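What follows is a set of notes on a single structure, which appears directly below.
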Amino acid sequence: MTVEQQQIELPTGISMHIAEQGDGPAVVFVHGFPELWYSWRHQLPALAAAGLRAIAPDMRGYGRTSAPPNVEDYAHRLVCDDLVALLDALSLEQAVFVGHDWGGAIVWAMALHHPERVRAVAGINTPYRGQPPAPMLEMVKGRPGVWDYQFYFQEPGVAEAELEADPERTMSLLLRSSDPADRIDALQGTLSVRERGGMLVGLPERPSRSIMLSAEDLAVFVEAFRATGFRGPLNWYRNDRRNWEWGEESKEARITCPALMVTAGKDPVLTPKLSEGMERVIPQLQRGHIEACGHWTQQERPDELNRILLDWLAGLPPA
C-alpha cells in the first residue's frame, strides 16, 4: 500500500496538496512550523495498516499548497475553512483530526468552531486550556522567555532573510531530536532571539544531520523550503490578535468530542506543564506521554506515538 498524492482545488481559493494512505474512517494529520505533510510519513502507513484512511495535507503556505501573499491570509479562521473545504472535497462528513505544533492549535480550533465535522481530536505537544484573557504575545510581552522567537518573527522580512539564507543549515538546526547525541541547545533557539540578532545566531555553520532524519528525509524538507521560502509559514505567527479575537466567539465553549493530549517530556517550549488543567474544558480528554522525546514527536518517537494513537483510535465510538 503506497502513499497517494494529489492536488485539490478548494473553494477557499487554495490549491491544497495532500498525501493519503489506506481506506476506512478518516484521520486528518495537521503539521506545524516549519514542516510538511511529510512530517507524518511514519503515521500514514501505521494507520493504513490498522484499517484507517490517513490524510496529511501541506497546510497553506507550505510545500505544494498555495501560499497567499498577505499576513491576514494565515489567520486560523481561514486555515480551518481550508480543512472544512477539504472534507467536502473528499466527501467526508467527519474526520478525526490530529495536530502538532501550530497544527495542534488548528485541530483544537476545529473542535471548537466546527464540532459537527470533528469526530475526535488529538493534540501532539500542543495543549488547549481554554480562551486566554488576552492575545498570548500581549500577555508575555514583559517577560517573553522561550516565546522570544515569536516576537522576532513579527516583522515581515526579518526572519525570512535569516532562514532563507541557507535552507539546508536552517532545517538541519531546527529539526533535531532530544537525544544527547543530537543535541544542539534547543532553548538557545527560542530564548533571547532578538538580543542575539537572530534565531540561528551562535549555532554551528555546518551542523550535522539529526539522527531522527535520513539524508533523504532532510532533502525533502530542504528542497521544499528552498522552493517556497518561509514567508507563508512565518505569517502564521503574525495573526496572534486575529486568532484571539476569533477565539472570543467560542470562549464559553467546551470541546465535547473524544480527545487525546500527547505530551513530550523533553519539549523545551511546549512543555507537559502547559497541558495542566485541560480537563476543565475537555471533559472526554485522555492522555499519553513520551518522556524521552523533544518537540518533533511524530518524527523522533514515531513507534511510541503510533501505539498511543492507535490504542486511542481503537477505543473511539464507531464512525
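The way I read the labels, and the way they are meant: chains A, B, ... in the order of the C-alpha cells, residue 1 as the first residue of every chain, and ligand 1 as the first ligand shown, with later ones counted on from there.
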Quiz prompt | Contacts of stretch 234-236 of chain A within 9 Å, only C-alpha atoms, excl. fewer than 3 positions in-chain, as JSON, numbers by chain | solution = {"A": [33, 34, 61, 70, 71, 72, 73, 74, 75, 76, 102, 153, 154, 156, 159, 160, 230, 231, 239, 240]}
Write to file, as a tab-separated table (two decimals), in the first residue's frame, the residues of the selection just made, with N, CA and C atoms.
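In the end it all went to again_37.tsv:
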```tsv
chain	number	residue	atom	x	y	z
A	33	PHE	N	5.12	24.23	12.23
A	33	PHE	CA	6.23	25.01	11.67
A	33	PHE	C	7.56	24.42	12.08
A	34	PRO	N	8.53	24.36	11.17
A	34	PRO	CA	8.42	24.50	9.72
A	34	PRO	C	8.42	23.10	9.13
A	61	GLY	N	0.55	27.87	2.68
A	61	GLY	CA	1.87	28.48	2.83
A	61	GLY	C	3.02	27.50	2.77
A	70	ASN	N	-0.77	37.76	1.79
A	70	ASN	CA	-0.98	38.69	2.90
A	70	ASN	C	-0.90	38.00	4.25
A	71	VAL	N	-0.46	38.75	5.26
A	71	VAL	CA	-0.38	38.21	6.62
A	71	VAL	C	-1.73	37.68	7.08
A	72	GLU	N	-2.78	38.44	6.83
A	72	GLU	CA	-4.11	38.06	7.32
A	72	GLU	C	-4.65	36.80	6.64
A	73	ASP	N	-4.02	36.38	5.54
A	73	ASP	CA	-4.44	35.16	4.86
A	73	ASP	C	-4.13	33.90	5.68
A	74	TYR	N	-3.39	34.06	6.76
A	74	TYR	CA	-2.97	32.90	7.56
A	74	TYR	C	-3.64	32.86	8.92
A	75	ALA	N	-4.71	33.61	9.10
A	75	ALA	CA	-5.48	33.55	10.33
A	75	ALA	C	-6.10	32.15	10.49
A	76	HIS	N	-6.23	31.71	11.72
A	76	HIS	CA	-6.73	30.36	11.98
A	76	HIS	C	-8.13	30.13	11.42
A	102	TRP	N	1.72	24.21	15.49
A	102	TRP	CA	0.59	25.03	15.02
A	102	TRP	C	-0.59	24.15	14.60
A	153	PHE	N	9.78	36.92	15.01
A	153	PHE	CA	9.10	36.57	13.78
A	153	PHE	C	8.10	37.63	13.30
A	154	GLN	N	7.78	38.62	14.12
A	154	GLN	CA	6.68	39.52	13.80
A	154	GLN	C	6.95	40.46	12.63
A	156	PRO	N	7.76	41.41	9.12
A	156	PRO	CA	7.92	40.72	7.83
A	156	PRO	C	9.27	41.00	7.19
A	159	ALA	N	12.97	37.56	9.74
A	159	ALA	CA	13.26	36.13	9.91
A	159	ALA	C	13.36	35.42	8.56
A	160	GLU	N	12.58	35.89	7.58
A	160	GLU	CA	12.68	35.29	6.24
A	160	GLU	C	14.12	35.34	5.74
A	230	PHE	N	10.10	31.06	3.41
A	230	PHE	CA	9.48	30.94	4.73
A	230	PHE	C	8.40	31.99	4.99
A	231	ARG	N	8.08	32.83	3.99
A	231	ARG	CA	7.13	33.91	4.23
A	231	ARG	C	5.77	33.38	4.68
A	239	ASN	N	-0.61	36.56	13.33
A	239	ASN	CA	-2.05	36.69	13.46
A	239	ASN	C	-2.52	36.46	14.90
A	240	ASP	N	-1.65	36.77	15.85
A	240	ASP	CA	-1.96	36.47	17.24
A	240	ASP	C	-3.26	37.13	17.70
```
Quick one: everything within 8 Å of A:Val28, counting only C-alpha atoms, minus sequence neighbours fewer than 5 positions away in the same chain. Send it as a PyMOL selection string.
chain A and resi 54-57+95-98
Fewer than 5 positions away in the same chain doesn't count, so skip those; otherwise give me all residues within 9 Å of A:Ser208, counting only C-alpha atoms, as a VMD selection string.
chain A and resid 172 to 173 182
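Between atom CA of A:Val193 and atom CA of A:Ala165 the separation is 17.1 Å.
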| message | Give me, as a PyMOL selection string, the residues of stretch 58-197 of chain A that a backbone DSSP run labels helix (DSSP H, G or I). | response | chain A and resi 71-74+76-89+102-113+115-117+136-139+145-152+158-164+167-174+180-182+186-189+193-196
task = Find the spatial neighbours of A:Asp101, counting only C-alpha atoms, within a cut-off of 9 Å - ignore same-chain residues fewer than 6 positions away - and output them as an NGL selection string.
result = :A and (30-33 or 123-126 or 270 or 295-296)
Include N, CA, C and O atoms and write out the residues we just selected as a compact mmCIF listing (two decimals), in the first residue's frame.
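Output saved as again06.txt:
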```txt
# COMPACT_ATOMS: atom_id res chain seq x y z
N VAL A 30 -2.41 17.30 10.78
CA VAL A 30 -2.14 18.71 10.51
C VAL A 30 -0.77 19.06 11.11
O VAL A 30 -0.57 18.99 12.32
N HIS A 31 0.16 19.45 10.25
CA HIS A 31 1.53 19.73 10.69
C HIS A 31 1.68 21.16 11.17
O HIS A 31 0.79 22.00 11.04
N GLY A 32 2.86 21.46 11.74
CA GLY A 32 3.17 22.79 12.23
C GLY A 32 4.36 23.41 11.51
O GLY A 32 4.62 23.11 10.35
N PHE A 33 5.12 24.23 12.23
CA PHE A 33 6.23 25.01 11.67
C PHE A 33 7.56 24.42 12.08
O PHE A 33 7.74 24.08 13.26
N GLY A 123 -4.17 16.44 20.18
CA GLY A 123 -3.09 17.40 20.13
C GLY A 123 -1.77 16.73 20.50
O GLY A 123 -1.69 16.06 21.53
N ILE A 124 -0.77 16.88 19.64
CA ILE A 124 0.55 16.33 19.90
C ILE A 124 1.45 17.49 20.33
O ILE A 124 1.74 18.38 19.54
N ASN A 125 1.84 17.51 21.59
CA ASN A 125 2.65 18.55 22.23
C ASN A 125 1.87 19.83 22.51
O ASN A 125 2.17 20.54 23.46
N THR A 126 0.91 20.19 21.67
CA THR A 126 0.21 21.47 21.76
C THR A 126 -1.07 21.32 22.58
O THR A 126 -1.99 20.61 22.17
N LEU A 270 6.86 23.67 24.32
CA LEU A 270 5.53 23.13 24.64
C LEU A 270 5.70 22.04 25.70
O LEU A 270 5.60 20.85 25.42
N HIS A 295 10.56 18.08 20.73
CA HIS A 295 9.43 18.76 20.09
C HIS A 295 8.86 18.01 18.90
O HIS A 295 7.66 18.05 18.65
N TRP A 296 9.71 17.32 18.14
CA TRP A 296 9.28 16.74 16.86
C TRP A 296 8.80 15.31 17.07
O TRP A 296 9.33 14.36 16.49
```
